[in-house]
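Source file: run-v9.tsv; contents: TSV, C-alpha atoms.
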chain	number	residue	atom	x	y	z
A	759	GLU	CA	53.73	35.74	31.03
A	760	GLU	CA	55.54	33.81	33.69
A	761	GLN	CA	54.04	30.40	32.90
A	762	MET	CA	54.35	28.46	29.68
A	763	PRO	CA	51.11	28.38	27.71
A	764	GLU	CA	49.40	25.09	27.11
A	765	LEU	CA	49.94	23.27	23.87
A	766	PRO	CA	47.40	24.27	21.24
A	767	GLY	CA	44.46	21.97	20.67
A	768	MET	CA	44.07	19.88	17.57
A	769	ASP	CA	40.75	21.56	16.73
A	770	ASP	CA	42.55	24.43	14.96
A	771	PHE	CA	45.22	22.31	13.28
A	772	PHE	CA	44.05	23.07	9.74
A	773	GLY	CA	43.68	26.79	10.50
A	774	GLY	CA	47.22	26.91	11.89
A	775	PHE	CA	48.53	25.21	8.77
A	776	LEU	CA	46.72	27.72	6.56
A	777	ARG	CA	48.16	30.64	8.54
A	778	LEU	CA	51.68	29.22	8.17
A	779	ALA	CA	51.21	28.45	4.47
A	780	GLY	CA	49.73	31.89	3.86
A	781	THR	CA	52.66	33.59	5.56
A	782	VAL	CA	55.17	31.55	3.55
A	783	VAL	CA	53.37	32.28	0.28
A	784	LEU	CA	53.09	35.99	1.03
A	785	ARG	CA	56.77	36.26	1.96
A	786	PHE	CA	58.37	33.89	-0.53
A	787	GLY	CA	55.83	34.01	-3.36
A	788	GLN	CA	57.83	36.51	-5.37
A	789	PRO	CA	61.13	34.57	-5.48
A	790	ILE	CA	59.23	31.35	-6.12
A	791	GLY	CA	57.32	33.02	-8.93
A	792	LEU	CA	60.56	34.37	-10.41
A	793	LEU	CA	62.11	30.89	-10.23
A	794	VAL	CA	59.11	29.43	-12.03
A	795	ALA	CA	59.34	32.14	-14.69
A	796	ARG	CA	63.06	31.44	-15.10
A	797	TYR	CA	62.29	27.72	-15.45
A	798	TYR	CA	59.96	28.55	-18.35
A	799	GLU	CA	62.79	30.51	-19.96
A	800	VAL	CA	61.57	34.00	-19.15
A	801	ASP	CA	64.53	36.37	-18.89
A	802	VAL	CA	64.70	36.86	-15.11
A	803	PRO	CA	68.06	37.86	-13.65
A	804	LEU	CA	69.38	35.51	-10.99
A	805	SER	CA	70.28	38.51	-8.86
A	806	ALA	CA	66.60	39.50	-8.66
A	807	ILE	CA	65.72	36.02	-7.38
A	808	LEU	CA	68.52	36.10	-4.81
A	809	ILE	CA	67.67	39.59	-3.58
A	810	THR	CA	63.97	38.80	-3.15
A	811	ALA	CA	64.83	35.54	-1.37
A	812	ILE	CA	67.27	37.27	1.00
A	813	LEU	CA	64.76	40.02	1.77
A	814	GLY	CA	62.12	37.35	2.36
A	815	CYS	CA	64.47	35.56	4.78
A	816	PHE	CA	65.04	38.81	6.66
A	817	TYR	CA	61.33	39.67	6.70
A	818	PHE	CA	59.85	36.23	7.44
A	819	PRO	CA	60.69	35.78	11.16
A	820	MET	CA	58.92	38.99	12.19
A	821	ALA	CA	56.00	38.25	9.87
A	822	PHE	CA	55.74	34.76	11.35
A	823	LEU	CA	55.84	36.20	14.87
A	824	ALA	CA	53.12	38.74	14.02
A	825	VAL	CA	50.90	36.02	12.53
A	826	ALA	CA	51.48	33.80	15.57
A	827	MET	CA	50.59	36.60	18.00
A	828	LYS	CA	47.54	37.87	16.10
A	829	ASP	CA	46.28	34.51	14.72
A	830	ASN	CA	45.66	36.18	11.39
A	831	VAL	CA	47.67	35.85	8.19
A	832	PHE	CA	47.02	39.51	7.39
A	833	ALA	CA	49.26	40.43	10.33
A	834	SER	CA	52.18	39.76	7.97
A	835	ASN	CA	51.26	43.00	6.20
A	836	PRO	CA	54.35	45.16	5.55
A	837	LEU	CA	52.56	48.10	7.23
A	838	ILE	CA	52.68	46.11	10.47
A	839	VAL	CA	55.90	44.15	10.10
A	840	LEU	CA	58.33	46.77	8.75
A	841	PRO	CA	57.66	49.35	11.50
A	842	SER	CA	57.99	46.55	14.06
A	843	ILE	CA	61.36	45.57	12.62
A	844	MET	CA	62.51	49.19	12.73
A	845	ARG	CA	61.45	49.54	16.38
A	846	VAL	CA	63.60	46.59	17.49
A	847	ILE	CA	66.20	46.50	14.72
A	848	LEU	CA	69.24	45.42	16.76
A	849	PRO	CA	67.62	42.55	18.71
A	850	TYR	CA	65.82	41.49	15.55
A	851	PHE	CA	69.06	41.48	13.56
A	852	VAL	CA	70.66	39.24	16.23
A	853	THR	CA	67.60	36.96	16.02
A	854	VAL	CA	67.92	36.70	12.24
A	855	ILE	CA	71.64	35.88	12.55
A	856	LEU	CA	70.80	33.11	15.04
A	857	PHE	CA	68.10	31.84	12.69
A	858	LEU	CA	70.56	31.71	9.81
A	859	GLY	CA	73.09	29.83	11.96
A	860	ILE	CA	70.51	27.27	13.02
A	861	PHE	CA	69.27	26.98	9.45
A	862	GLY	CA	72.87	26.35	8.30
A	863	ILE	CA	73.28	23.63	10.93
A	864	GLN	CA	70.06	22.04	9.71
A	865	ARG	CA	71.22	22.09	6.07
A	866	ILE	CA	74.57	20.49	6.97
A	867	GLY	CA	72.76	17.82	8.95
A	868	ASP	CA	70.36	17.25	6.05
A	869	ILE	CA	73.30	16.69	3.70
A	870	VAL	CA	74.92	14.21	6.10
A	871	SER	CA	71.68	12.35	6.77
A	872	GLY	CA	70.91	12.39	3.04
A	873	GLY	CA	74.18	10.56	2.48
A	874	ALA	CA	73.11	8.08	5.15
A	875	LYS	CA	69.84	7.58	3.28
A	876	ALA	CA	71.72	6.78	0.07
A	877	VAL	CA	73.89	4.28	1.94
A	878	ALA	CA	70.83	2.69	3.56
A	879	PHE	CA	69.21	1.97	0.21
A	880	THR	CA	72.32	0.60	-1.50
A	881	THR	CA	73.93	-1.54	1.18
A	882	THR	CA	73.57	-5.27	1.66
A	883	ASP	CA	74.81	-5.21	5.26
A	884	MET	CA	71.99	-4.98	7.82
A	885	SER	CA	74.15	-3.27	10.46
A	886	VAL	CA	75.08	-0.51	8.01
A	887	MET	CA	71.42	-0.12	7.05
A	888	PHE	CA	70.28	0.14	10.69
A	889	LEU	CA	73.08	2.59	11.44
A	890	ALA	CA	72.02	4.76	8.47
A	891	PHE	CA	68.37	4.63	9.55
A	892	GLY	CA	69.45	5.51	13.10
A	893	ILE	CA	71.34	8.55	11.83
A	894	ARG	CA	68.26	9.67	9.90
A	895	ILE	CA	65.98	9.19	12.91
A	896	ILE	CA	68.31	11.01	15.29
A	897	TRP	CA	68.75	13.88	12.84
A	898	SER	CA	64.97	14.15	12.39
A	899	PHE	CA	64.53	14.59	16.14
A	900	LEU	CA	67.39	17.09	16.27
A	901	SER	CA	65.81	19.07	13.41
A	902	VAL	CA	62.54	19.31	15.31
A	903	TYR	CA	64.50	20.41	18.38
A	904	LEU	CA	66.31	23.11	16.38
A	905	LEU	CA	62.97	24.32	15.04
A	906	THR	CA	61.75	24.53	18.63
A	907	VAL	CA	64.86	26.54	19.54
A	908	ASN	CA	64.07	28.96	16.70
A	909	MET	CA	60.54	29.44	17.98
A	910	ARG	CA	61.81	29.92	21.51
A	911	ILE	CA	64.18	32.63	20.29
A	912	MET	CA	61.27	34.41	18.61
A	913	GLY	CA	59.26	34.10	21.81
A	914	LEU	CA	62.11	35.66	23.78
A	915	LEU	CA	62.32	38.50	21.26
A	916	TYR	CA	58.61	39.12	21.69
A	917	LEU	CA	58.78	38.84	25.49
A	918	THR	CA	61.68	41.28	25.83
A	919	GLN	CA	60.42	43.76	23.21
A	920	LYS	CA	56.65	43.58	23.78
A	921	GLU	CA	56.29	47.26	24.73
A	922	LYS	CA	58.32	48.48	21.75
A	923	LEU	CA	56.41	46.28	19.30
A	924	GLY	CA	53.04	47.53	20.56
A	925	TRP	CA	50.96	44.62	19.27
A	926	TYR	CA	48.32	44.76	21.95
Before anything else, please render the file you have as structure tokens.
Amino acid sequence: EEQMPELPGMDDFFGGFLRLAGTVVLRFGQPIGLLVARYYEVDVPLSAILITAILGCFYFPMAFLAVAMKDNVFASNPLIVLPSIMRVILPYFVTVILFLGIFGIQRIGDIVSGGAKAVAFTTTDMSVMFLAFGIRIIWSFLSVYLLTVNMRIMGLLYLTQKEKLGWY
């Protein structure tokens, strides 16, 4: 569509949260479960956890897009998502690479702002404390902006590949 859609209303806030949580659990439930089993000293190879997490990271953006377009958590079904990925594999691969880059930037920023948080709680100088809080606040806004950029990239993928995806 040529015009930006309106912001969603707050009446479906809880339903949107449940759709997001359901998608995350369906996509990352297996590596989380394996990590929990490993914590309780079940013999789970670390490579199995890493492989399932990497596959979840590759699968999640398209599953999230399908759930967002269909407003149903069951749209993250592999019978819907995997054929969609295969139809637009090259643009989707570029999208995943961009996601990983933005995620890496966010993690680096979290480490830096985490150090600022430690400084803020241990300093006796008010200017240092306000500077550390300022860094945390600025990074929080930048993180939200980067999340918005990620969603915009997914929207562009959907807009340019709508016919190939066939999610009418």
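Between Leu915 (chain A) and the candidates A:Ile838, A:Leu856, A:Leu813, A:Ile869, the tightest atom-to-atom separation, counting all atoms listed in the file, involves A:Leu856.
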Neighbour list for region 902-904 of chain A as a PyMOL selection string, cut-off 10 Å, all atoms listed in the file, skip fewer than 4 positions in-chain: chain A and resi 857+860-861+863-864+897-898+908-910
Okay, now the selection with C-alpha atoms, as a compact mmCIF listing (two decimals), keeping the file's coordinate frame?
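Below is the file again_38.txt, written as the result:
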# COMPACT_ATOMS: atom_id res chain seq x y z
CA PHE A 857 68.10 31.84 12.69
CA ILE A 860 70.51 27.27 13.02
CA PHE A 861 69.27 26.98 9.45
CA ILE A 863 73.28 23.63 10.93
CA GLN A 864 70.06 22.04 9.71
CA TRP A 897 68.75 13.88 12.84
CA SER A 898 64.97 14.15 12.39
CA ASN A 908 64.07 28.96 16.70
CA MET A 909 60.54 29.44 17.98
CA ARG A 910 61.81 29.92 21.51
So which residues are close to (49.1, 30.6, 10.0), meaning at most 7 Å away in the file's coordinates with all atoms listed in the file counted, and can you show them as JSON, numbers by chain? {"A": [773, 774, 775, 776, 777, 778, 779, 780, 781, 825, 826, 829, 830, 831]}
Give the centre and edge lengths of an axis-aligned box, in Å to one decimal, that holds all listed atoms of region 868-887 of chain A with 4 Å on each side, as lines of an AutoDock Vina configuration file.
center_x = 72.1
center_y = 6.0
center_z = 4.5
size_x = 13.9
size_y = 30.5
size_z = 20.0
Quick one: pull the distance between CA of Phe786 (chain A) and CA of Asp868 (chain A), Å, one decimal.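 Separating CA of Phe786 (chain A) from CA of Asp868 (chain A) is a distance of 21.5 Å.
Here the question is which of A:Val886, A:Ile807, A:Leu793, A:Leu823 gets nearest to Ser842 (chain A) using only C-alpha atoms, and that residue is A:Leu823.
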Distance CA of Leu808 (chain A)-CA of Pro789 (chain A), one decimal place?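 A separation of 7.6 Å between them.
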Go through A:Leu784, A:Val800, A:Ile843, A:Ala878 and flag the residue nearest Met820 (chain A), using all atoms listed in the file for the distances.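 Using all atoms listed in the file, Met820 (chain A) sits closest to A:Ile843.
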Using the block above, I'd like region 859-871 of chain A written out, keeping C-alpha atoms and formatting it as a CSV table (one decimal), in the first residue's frame.
chain,number,residue,atom,x,y,z
A,859,GLY,CA,24.2,-6.9,11.8
A,860,ILE,CA,21.6,-4.8,13.6
A,861,PHE,CA,21.4,-7.4,16.4
A,862,GLY,CA,25.3,-7.3,16.8
A,863,ILE,CA,25.2,-3.5,17.0
A,864,GLN,CA,22.5,-3.7,19.7
A,865,ARG,CA,24.6,-6.2,21.7
A,866,ILE,CA,27.7,-4.0,21.5
A,867,GLY,CA,25.6,-1.0,22.6
A,868,ASP,CA,24.2,-3.1,25.5
A,869,ILE,CA,27.7,-4.0,26.7
A,870,VAL,CA,28.8,-0.4,26.6
A,871,SER,CA,25.6,0.9,28.3
